[in-house]
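The structure under discussion appears below in the form of structure tokens.
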Amino acid sequence: MTTPQTRVVLRPLATPLPLGFLALALATTVFATVQLGWIPPTEGRVAALTALVATVPLQLTAAVIGFLARDPVAATGMGVLSGTWAVVGLTTVTSPPGTASKGLGVLLIVAGISMFVPASAGISKLVPAAVMALAGIRFLVTGAYELTGSASWKTTAGWVGLALAVLALYAALALELEGARGRTVLPAGRHGPAEAAARGEGSLEPDALAREAGIRPQL
């Protein structure tokens with residue numbers, strides 16, 4: 001008598017984080033240059049279009065891939081970023097140049113707090129988690145400017161935005177090199193389960209797979 005066997009087929013998917021982080025760098029950099037006064041407020045329309053045409057679709061794609069790859073941290077973080085930049089872009093493109101919006105400020109405060117959820121859950125990968133946490137801070141500071149109209153908050157938001165761009169670029173490069181070469185080239189701050197996964201280790205036992213999303217009765 002043949003013993004029944006269970007076969008699990010996994011779809012090979014690359015990490016969506018480099019794509020999402022590079023898209024984040026695009027939007028935050030252009031908006032930061034406007035906030036710092038390096039380019040005139042009328043160029044805010046270009047920043048808005050950057051968010052709507054480049055950042056939003058790229059991060060939305062990253063969010064979908066994150067869910068397919070069973071990475072809730074990447075999926076949630078990229079989803080919140082995508083939706084937030086969409087509202088920021090639409091508000092900017094439809095408002096007079098240089099104006100603040102209290103409604104947008106409220107949204108940014110909530111979005112900033114929300115970003116600490118995936119950042120906290122993804123702490124086993126320190127650098128990606130730091131990007132999400134700093135994105136949350138960037139939204140909080142920008143939200144403070146939108147609510148108050150303060151020039152100090154606006155300048156602070158610009159500098160935080162540039163710092164976020166630098167960190168996002170580093171994280172994207174580190175993860176991209178790691179995926180392309182199959183080893184750590186630039187430190188990404190992996191530890192615990194994330195470090196074991198990078199070494200190809202981790203539980204694939206049937207008992208563990210039975211508890212995976214898509215197999216257990218409820219998510």
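All residue names refer to the structure tokens as shown: chains lettered A, B, ... in order, residues numbered from 1 in each chain, ligands numbered from 1 in order.
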
Contacts of Gly66 in chain A at 12 Å or less, counting only C-alpha atoms, minus same-chain residues fewer than 5 places along, as a list in words?
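Surrounding residues, per the criterion: Leu13, Ala14, Thr15, Pro16, Leu17, Pro18, Leu19, Gly20, Gln59, Leu60, Thr61, Asp71, Pro72, Val73, Ala74, Ala75, Thr76, Gly77, Met78 and Gly79 of chain A.
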
Could you write out the selected residues, including N, CA, C and O atoms, as a PDB file, in the first residue's frame?
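Writing the result to again35.pdb gives the following:
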ATOM      1  N   LEU A  13       9.720  33.968  -5.660  1.00  0.00           N
ATOM      2  CA  LEU A  13       9.472  35.401  -5.747  1.00  0.00           C
ATOM      3  C   LEU A  13      10.632  36.153  -5.100  1.00  0.00           C
ATOM      4  O   LEU A  13      11.120  35.765  -4.041  1.00  0.00           O
ATOM      5  N   ALA A  14      11.044  37.216  -5.755  1.00  0.00           N
ATOM      6  CA  ALA A  14      12.098  38.067  -5.192  1.00  0.00           C
ATOM      7  C   ALA A  14      11.496  39.011  -4.162  1.00  0.00           C
ATOM      8  O   ALA A  14      10.291  39.289  -4.180  1.00  0.00           O
ATOM      9  N   THR A  15      12.327  39.513  -3.263  1.00  0.00           N
ATOM     10  CA  THR A  15      11.834  40.474  -2.283  1.00  0.00           C
ATOM     11  C   THR A  15      11.393  41.761  -2.982  1.00  0.00           C
ATOM     12  O   THR A  15      12.091  42.271  -3.869  1.00  0.00           O
ATOM     13  N   PRO A  16      10.240  42.306  -2.621  1.00  0.00           N
ATOM     14  CA  PRO A  16       9.767  43.540  -3.254  1.00  0.00           C
ATOM     15  C   PRO A  16      10.324  44.801  -2.610  1.00  0.00           C
ATOM     16  O   PRO A  16      10.089  45.905  -3.094  1.00  0.00           O
ATOM     17  N   LEU A  17      11.083  44.652  -1.523  1.00  0.00           N
ATOM     18  CA  LEU A  17      11.522  45.827  -0.771  1.00  0.00           C
ATOM     19  C   LEU A  17      12.437  46.771  -1.553  1.00  0.00           C
ATOM     20  O   LEU A  17      12.278  47.995  -1.463  1.00  0.00           O
ATOM     21  N   PRO A  18      13.424  46.279  -2.340  1.00  0.00           N
ATOM     22  CA  PRO A  18      14.253  47.231  -3.095  1.00  0.00           C
ATOM     23  C   PRO A  18      13.431  48.120  -4.022  1.00  0.00           C
ATOM     24  O   PRO A  18      13.664  49.334  -4.099  1.00  0.00           O
ATOM     25  N   LEU A  19      12.463  47.538  -4.724  1.00  0.00           N
ATOM     26  CA  LEU A  19      11.599  48.329  -5.606  1.00  0.00           C
ATOM     27  C   LEU A  19      10.831  49.374  -4.812  1.00  0.00           C
ATOM     28  O   LEU A  19      10.771  50.549  -5.192  1.00  0.00           O
ATOM     29  N   GLY A  20      10.247  48.959  -3.696  1.00  0.00           N
ATOM     30  CA  GLY A  20       9.474  49.894  -2.887  1.00  0.00           C
ATOM     31  C   GLY A  20      10.323  50.991  -2.287  1.00  0.00           C
ATOM     32  O   GLY A  20       9.899  52.152  -2.235  1.00  0.00           O
ATOM     33  N   GLN A  59       5.139  51.137  -5.588  1.00  0.00           N
ATOM     34  CA  GLN A  59       4.939  50.637  -4.227  1.00  0.00           C
ATOM     35  C   GLN A  59       3.705  49.742  -4.136  1.00  0.00           C
ATOM     36  O   GLN A  59       3.682  48.801  -3.338  1.00  0.00           O
ATOM     37  N   LEU A  60       2.696  50.029  -4.946  1.00  0.00           N
ATOM     38  CA  LEU A  60       1.524  49.147  -4.977  1.00  0.00           C
ATOM     39  C   LEU A  60       1.918  47.773  -5.506  1.00  0.00           C
ATOM     40  O   LEU A  60       1.481  46.738  -4.980  1.00  0.00           O
ATOM     41  N   THR A  61       2.755  47.749  -6.539  1.00  0.00           N
ATOM     42  CA  THR A  61       3.273  46.482  -7.054  1.00  0.00           C
ATOM     43  C   THR A  61       4.062  45.745  -5.979  1.00  0.00           C
ATOM     44  O   THR A  61       3.913  44.529  -5.793  1.00  0.00           O
ATOM     45  N   ASP A  71       5.034  37.876   2.931  1.00  0.00           N
ATOM     46  CA  ASP A  71       5.813  38.803   3.750  1.00  0.00           C
ATOM     47  C   ASP A  71       4.886  39.942   4.180  1.00  0.00           C
ATOM     48  O   ASP A  71       4.787  40.964   3.500  1.00  0.00           O
ATOM     49  N   PRO A  72       4.167  39.784   5.300  1.00  0.00           N
ATOM     50  CA  PRO A  72       3.193  40.802   5.700  1.00  0.00           C
ATOM     51  C   PRO A  72       3.823  42.140   6.043  1.00  0.00           C
ATOM     52  O   PRO A  72       3.186  43.185   5.890  1.00  0.00           O
ATOM     53  N   VAL A  73       5.081  42.142   6.498  1.00  0.00           N
ATOM     54  CA  VAL A  73       5.744  43.402   6.831  1.00  0.00           C
ATOM     55  C   VAL A  73       5.951  44.239   5.575  1.00  0.00           C
ATOM     56  O   VAL A  73       5.590  45.421   5.524  1.00  0.00           O
ATOM     57  N   ALA A  74       6.531  43.621   4.533  1.00  0.00           N
ATOM     58  CA  ALA A  74       6.745  44.335   3.280  1.00  0.00           C
ATOM     59  C   ALA A  74       5.418  44.755   2.666  1.00  0.00           C
ATOM     60  O   ALA A  74       5.267  45.890   2.190  1.00  0.00           O
ATOM     61  N   ALA A  75       4.448  43.849   2.660  1.00  0.00           N
ATOM     62  CA  ALA A  75       3.154  44.132   2.038  1.00  0.00           C
ATOM     63  C   ALA A  75       2.437  45.285   2.744  1.00  0.00           C
ATOM     64  O   ALA A  75       1.934  46.204   2.099  1.00  0.00           O
ATOM     65  N   THR A  76       2.406  45.244   4.067  1.00  0.00           N
ATOM     66  CA  THR A  76       1.709  46.294   4.820  1.00  0.00           C
ATOM     67  C   THR A  76       2.419  47.632   4.683  1.00  0.00           C
ATOM     68  O   THR A  76       1.790  48.662   4.428  1.00  0.00           O
ATOM     69  N   GLY A  77       3.745  47.625   4.843  1.00  0.00           N
ATOM     70  CA  GLY A  77       4.492  48.870   4.736  1.00  0.00           C
ATOM     71  C   GLY A  77       4.351  49.520   3.374  1.00  0.00           C
ATOM     72  O   GLY A  77       4.073  50.720   3.261  1.00  0.00           O
ATOM     73  N   MET A  78       4.512  48.729   2.320  1.00  0.00           N
ATOM     74  CA  MET A  78       4.406  49.280   0.972  1.00  0.00           C
ATOM     75  C   MET A  78       2.974  49.724   0.654  1.00  0.00           C
ATOM     76  O   MET A  78       2.757  50.708  -0.044  1.00  0.00           O
ATOM     77  N   GLY A  79       1.990  48.997   1.182  1.00  0.00           N
ATOM     78  CA  GLY A  79       0.601  49.384   0.954  1.00  0.00           C
ATOM     79  C   GLY A  79       0.261  50.730   1.584  1.00  0.00           C
ATOM     80  O   GLY A  79      -0.370  51.584   0.962  1.00  0.00           O
TER      81      GLY A  79
END

Nearby residues (only C-alpha atoms) at most 6 Å from range 151-167 of chain A, same-chain spacing under 3 positions excluded, as a ChimeraX atom specification:
/A:25,28-29,32,35-36,138,141-142,145,170

Just-selected residues, all heavy atoms written as a short mmCIF file (atom, residue, chain, number, x, y, z; two decimals), in the first residue's frame:
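Output below, filename selection.cif:
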data_model
loop_
_atom_site.label_atom_id
_atom_site.label_comp_id
_atom_site.auth_asym_id
_atom_site.auth_seq_id
_atom_site.Cartn_x
_atom_site.Cartn_y
_atom_site.Cartn_z
N ALA A 25 12.37 56.68 -2.34
CA ALA A 25 13.44 57.67 -2.49
C ALA A 25 13.07 58.72 -3.54
O ALA A 25 13.38 59.91 -3.38
CB ALA A 25 14.75 56.98 -2.86
N THR A 28 10.20 61.13 -1.85
CA THR A 28 10.63 61.92 -0.69
C THR A 28 11.71 62.93 -1.07
O THR A 28 11.75 64.02 -0.51
CB THR A 28 11.12 60.99 0.45
OG1 THR A 28 11.31 61.77 1.63
CG2 THR A 28 12.42 60.29 0.10
N THR A 29 12.56 62.60 -2.05
CA THR A 29 13.61 63.53 -2.46
C THR A 29 13.02 64.76 -3.14
O THR A 29 13.39 65.90 -2.81
CB THR A 29 14.60 62.85 -3.41
OG1 THR A 29 15.23 61.76 -2.73
CG2 THR A 29 15.68 63.82 -3.86
N ALA A 32 11.20 66.89 -0.70
CA ALA A 32 12.13 67.53 0.22
C ALA A 32 12.76 68.76 -0.39
O ALA A 32 12.95 69.78 0.29
CB ALA A 32 13.21 66.54 0.64
N GLN A 35 10.30 71.50 -0.07
CA GLN A 35 10.15 71.94 1.32
C GLN A 35 11.35 72.75 1.79
O GLN A 35 11.21 73.66 2.62
CB GLN A 35 9.93 70.73 2.21
CG GLN A 35 8.58 70.05 1.99
CD GLN A 35 8.49 68.70 2.68
OE1 GLN A 35 9.47 67.98 2.81
NE2 GLN A 35 7.29 68.36 3.14
N LEU A 36 12.52 72.45 1.28
CA LEU A 36 13.73 73.18 1.67
C LEU A 36 13.95 74.45 0.85
O LEU A 36 14.88 75.20 1.12
CB LEU A 36 14.96 72.26 1.53
CG LEU A 36 15.02 71.10 2.53
CD1 LEU A 36 16.14 70.13 2.15
CD2 LEU A 36 15.23 71.62 3.95
N ARG A 138 8.91 60.87 8.93
CA ARG A 138 8.79 61.85 7.85
C ARG A 138 7.33 62.30 7.68
O ARG A 138 7.04 63.49 7.54
CB ARG A 138 9.29 61.20 6.55
CG ARG A 138 9.74 62.20 5.47
CD ARG A 138 8.65 62.51 4.47
NE ARG A 138 9.19 63.12 3.28
CZ ARG A 138 9.30 64.43 3.08
NH1 ARG A 138 8.90 65.26 4.03
NH2 ARG A 138 9.79 64.91 1.96
N VAL A 141 6.31 64.54 10.80
CA VAL A 141 6.85 65.90 10.75
C VAL A 141 6.17 66.72 9.66
O VAL A 141 5.81 67.89 9.87
CB VAL A 141 8.38 65.85 10.52
CG1 VAL A 141 8.93 67.26 10.37
CG2 VAL A 141 9.06 65.15 11.68
N THR A 142 5.94 66.10 8.50
CA THR A 142 5.24 66.80 7.42
C THR A 142 3.80 67.11 7.84
O THR A 142 3.26 68.17 7.51
CB THR A 142 5.26 65.97 6.13
OG1 THR A 142 6.59 65.61 5.81
CG2 THR A 142 4.66 66.75 4.97
N TYR A 145 3.73 70.16 9.88
CA TYR A 145 3.79 71.37 9.05
C TYR A 145 2.43 71.67 8.42
O TYR A 145 1.97 72.83 8.42
CB TYR A 145 4.83 71.21 7.94
CG TYR A 145 4.56 72.13 6.77
CD1 TYR A 145 4.69 73.51 6.91
CD2 TYR A 145 4.14 71.62 5.55
CE1 TYR A 145 4.40 74.36 5.85
CE2 TYR A 145 3.85 72.46 4.49
CZ TYR A 145 3.99 73.83 4.64
OH TYR A 145 3.69 74.67 3.60
N TYR A 170 20.26 53.07 0.52
CA TYR A 170 21.18 52.09 1.09
C TYR A 170 20.48 50.74 1.28
O TYR A 170 21.03 49.68 0.93
CB TYR A 170 21.72 52.58 2.43
CG TYR A 170 22.56 51.53 3.13
CD1 TYR A 170 23.90 51.37 2.82
CD2 TYR A 170 21.99 50.67 4.08
CE1 TYR A 170 24.68 50.39 3.43
CE2 TYR A 170 22.75 49.69 4.70
CZ TYR A 170 24.08 49.55 4.37
OH TYR A 170 24.84 48.57 4.97
#

Taking the DSSP secondary structure from the backbone, can you list the residues of range 26-136 of chain A that are helix (DSSP H, G or I), as a PyMOL selection string?
chain A and resi 26-35+41-68+72-94+102-114+116-121+126-136

At what distance in Å, to one decimal, does CA of Ala172 in chain A lie from CA of Phe139 in chain A?
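Computing it gives 20.2 Å between the two atoms.
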
Please list as a ChimeraX atom specification every residue within 7 Å of range 173-177 of chain A, counting only C-alpha atoms and excluding residues in the same chain fewer than 5 positions away.
/A:18,185-188

Among listed residues A:Gly83, A:Pro118, A:Gly149, A:Gly89, nearest Lys102 in chain A (using only C-alpha atoms):
A:Gly149

Close residues, Ser120 in chain A itself excluded, 12 Å, only C-alpha atoms, min 5 positions apart in chain, as a CSV table (one decimal) with N, CA, C and O atoms, in the first residue's frame:
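See around07.csv below for the written result:
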chain,number,residue,atom,x,y,z
A,73,VAL,N,5.1,42.1,6.5
A,73,VAL,CA,5.7,43.4,6.8
A,73,VAL,C,6.0,44.2,5.6
A,73,VAL,O,5.6,45.4,5.5
A,74,ALA,N,6.5,43.6,4.5
A,74,ALA,CA,6.7,44.3,3.3
A,74,ALA,C,5.4,44.8,2.7
A,74,ALA,O,5.3,45.9,2.2
A,76,THR,N,2.4,45.2,4.1
A,76,THR,CA,1.7,46.3,4.8
A,76,THR,C,2.4,47.6,4.7
A,76,THR,O,1.8,48.7,4.4
A,77,GLY,N,3.7,47.6,4.8
A,77,GLY,CA,4.5,48.9,4.7
A,77,GLY,C,4.4,49.5,3.4
A,77,GLY,O,4.1,50.7,3.3
A,113,ILE,N,1.9,57.2,12.2
A,113,ILE,CA,1.8,56.3,13.3
A,113,ILE,C,1.6,54.9,12.8
A,113,ILE,O,2.2,53.9,13.3
A,114,SER,N,0.9,54.7,11.7
A,114,SER,CA,0.6,53.4,11.1
A,114,SER,C,1.9,52.8,10.6
A,114,SER,O,2.0,51.5,10.7
A,115,MET,N,2.9,53.5,10.1
A,115,MET,CA,4.1,53.0,9.6
A,115,MET,C,5.0,52.3,10.7
A,115,MET,O,5.8,51.5,10.4
A,125,LYS,N,14.9,42.5,10.6
A,125,LYS,CA,15.7,43.1,9.5
A,125,LYS,C,15.8,44.6,9.8
A,125,LYS,O,14.9,45.4,9.5
A,126,LEU,N,16.9,45.0,10.5
A,126,LEU,CA,17.0,46.3,11.1
A,126,LEU,C,16.9,47.4,10.1
A,126,LEU,O,16.3,48.4,10.3
A,127,VAL,N,17.7,47.3,9.0
A,127,VAL,CA,17.7,48.4,8.1
A,127,VAL,C,16.4,48.6,7.4
A,127,VAL,O,15.9,49.8,7.3
A,128,PRO,N,15.7,47.6,6.8
A,128,PRO,CA,14.4,47.8,6.3
A,128,PRO,C,13.4,48.4,7.3
A,128,PRO,O,12.6,49.2,7.0
A,129,ALA,N,13.5,47.9,8.6
A,129,ALA,CA,12.6,48.4,9.6
A,129,ALA,C,12.9,49.8,9.9
A,129,ALA,O,12.0,50.6,10.1
A,130,ALA,N,14.2,50.2,9.8
A,130,ALA,CA,14.5,51.6,10.1
A,130,ALA,C,14.0,52.5,9.0
A,130,ALA,O,13.6,53.6,9.2
A,131,VAL,N,14.0,52.0,7.7
A,131,VAL,CA,13.4,52.8,6.6
A,131,VAL,C,11.9,53.1,6.9
A,131,VAL,O,11.4,54.2,6.7
A,132,MET,N,11.2,52.0,7.3
A,132,MET,CA,9.8,52.2,7.5
A,132,MET,C,9.5,53.1,8.7
A,132,MET,O,8.6,53.9,8.7
A,133,ALA,N,10.3,53.0,9.8
A,133,ALA,CA,10.2,53.9,10.9
A,133,ALA,C,10.5,55.3,10.6
A,133,ALA,O,9.8,56.2,11.0
A,134,LEU,N,11.5,55.5,9.8
A,134,LEU,CA,11.9,56.9,9.4
A,134,LEU,C,10.8,57.5,8.4
A,134,LEU,O,10.6,58.7,8.5
A,136,GLY,N,7.7,56.8,8.7
A,136,GLY,CA,6.7,57.3,9.7
A,136,GLY,C,7.0,58.6,10.3
A,136,GLY,O,6.1,59.5,10.4

Work out how far apart CA of Phe67 in chain A and CA of Leu90 in chain A are and give it in Å to one decimal.
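Taking CA of Phe67 in chain A and CA of Leu90 in chain A, their separation equals 26.0 Å.
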
Applying 9 Å and only C-alpha atoms, which residues near Ala111 in chain A remain after dropping the ones on its own chain fewer than 5 positions away? List them as an mmCIF file with all heavy atoms, in the first residue's frame.
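Output (out_35.cif):
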data_model
loop_
_atom_site.group_PDB
_atom_site.id
_atom_site.type_symbol
_atom_site.label_atom_id
_atom_site.label_comp_id
_atom_site.auth_asym_id
_atom_site.auth_seq_id
_atom_site.Cartn_x
_atom_site.Cartn_y
_atom_site.Cartn_z
ATOM 1 N N VAL A 80 0.693 50.918 2.840
ATOM 2 C CA VAL A 80 0.432 52.195 3.517
ATOM 3 C C VAL A 80 1.170 53.336 2.816
ATOM 4 O O VAL A 80 0.620 54.423 2.610
ATOM 5 C CB VAL A 80 0.845 52.107 4.998
ATOM 6 C CG1 VAL A 80 0.752 53.484 5.666
ATOM 7 C CG2 VAL A 80 -0.040 51.113 5.741
ATOM 8 N N LEU A 81 2.420 53.088 2.424
ATOM 9 C CA LEU A 81 3.192 54.116 1.720
ATOM 10 C C LEU A 81 2.530 54.482 0.401
ATOM 11 O O LEU A 81 2.410 55.662 0.048
ATOM 12 C CB LEU A 81 4.619 53.621 1.468
ATOM 13 C CG LEU A 81 5.552 53.600 2.673
ATOM 14 C CD1 LEU A 81 6.847 52.871 2.330
ATOM 15 C CD2 LEU A 81 5.858 55.015 3.152
ATOM 16 N N THR A 84 -0.675 56.537 1.004
ATOM 17 C CA THR A 84 -0.369 57.865 1.544
ATOM 18 C C THR A 84 0.198 58.786 0.471
ATOM 19 O O THR A 84 -0.233 59.937 0.327
ATOM 20 C CB THR A 84 0.615 57.757 2.715
ATOM 21 O OG1 THR A 84 0.078 56.888 3.712
ATOM 22 C CG2 THR A 84 0.877 59.122 3.326
ATOM 23 N N VAL A 106 -3.785 65.748 9.032
ATOM 24 C CA VAL A 106 -4.371 64.679 9.845
ATOM 25 C C VAL A 106 -4.041 63.320 9.239
ATOM 26 O O VAL A 106 -3.640 62.374 9.935
ATOM 27 C CB VAL A 106 -5.895 64.867 9.969
ATOM 28 C CG1 VAL A 106 -6.529 63.656 10.658
ATOM 29 C CG2 VAL A 106 -6.221 66.145 10.746
ATOM 30 N N GLY A 136 7.733 56.828 8.734
ATOM 31 C CA GLY A 136 6.697 57.256 9.657
ATOM 32 C C GLY A 136 7.016 58.602 10.267
ATOM 33 O O GLY A 136 6.143 59.475 10.390
ATOM 34 N N PHE A 139 6.392 61.349 7.732
ATOM 35 C CA PHE A 139 4.977 61.695 7.630
ATOM 36 C C PHE A 139 4.516 62.516 8.830
ATOM 37 O O PHE A 139 3.744 63.479 8.690
ATOM 38 C CB PHE A 139 4.131 60.431 7.509
ATOM 39 C CG PHE A 139 4.230 59.744 6.171
ATOM 40 C CD1 PHE A 139 3.993 58.379 6.060
ATOM 41 C CD2 PHE A 139 4.552 60.444 5.024
ATOM 42 C CE1 PHE A 139 4.074 57.735 4.836
ATOM 43 C CE2 PHE A 139 4.646 59.809 3.788
ATOM 44 C CZ PHE A 139 4.404 58.453 3.697
ATOM 45 N N LEU A 140 4.983 62.151 10.024
ATOM 46 C CA LEU A 140 4.580 62.880 11.228
ATOM 47 C C LEU A 140 5.053 64.336 11.183
ATOM 48 O O LEU A 140 4.286 65.256 11.495
ATOM 49 C CB LEU A 140 5.142 62.194 12.469
ATOM 50 C CG LEU A 140 4.511 60.853 12.868
ATOM 51 C CD1 LEU A 140 5.301 60.210 13.995
ATOM 52 C CD2 LEU A 140 3.059 61.047 13.277
#

Mind giving me the straight-line distance from CA of Gly112 in chain A to CA of Pro97 in chain A in Å, one decimal?
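The value is 23.4 Å.
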
Closest contacts (range 49-104 of chain A/range 40-44 of chain A, max 9 Å, only C-alpha atoms) as CSV:
residue,atom,partner,partner_atom,distance
A:Leu49,CA,A:Gly44,CA,8.6
A:Thr92,CA,A:Gly44,CA,6.8
A:Val93,CA,A:Gly44,CA,7.4
A:Pro96,CA,A:Thr42,CA,8.6
A:Pro97,CA,A:Thr42,CA,5.4
A:Gly98,CA,A:Pro41,CA,5.3
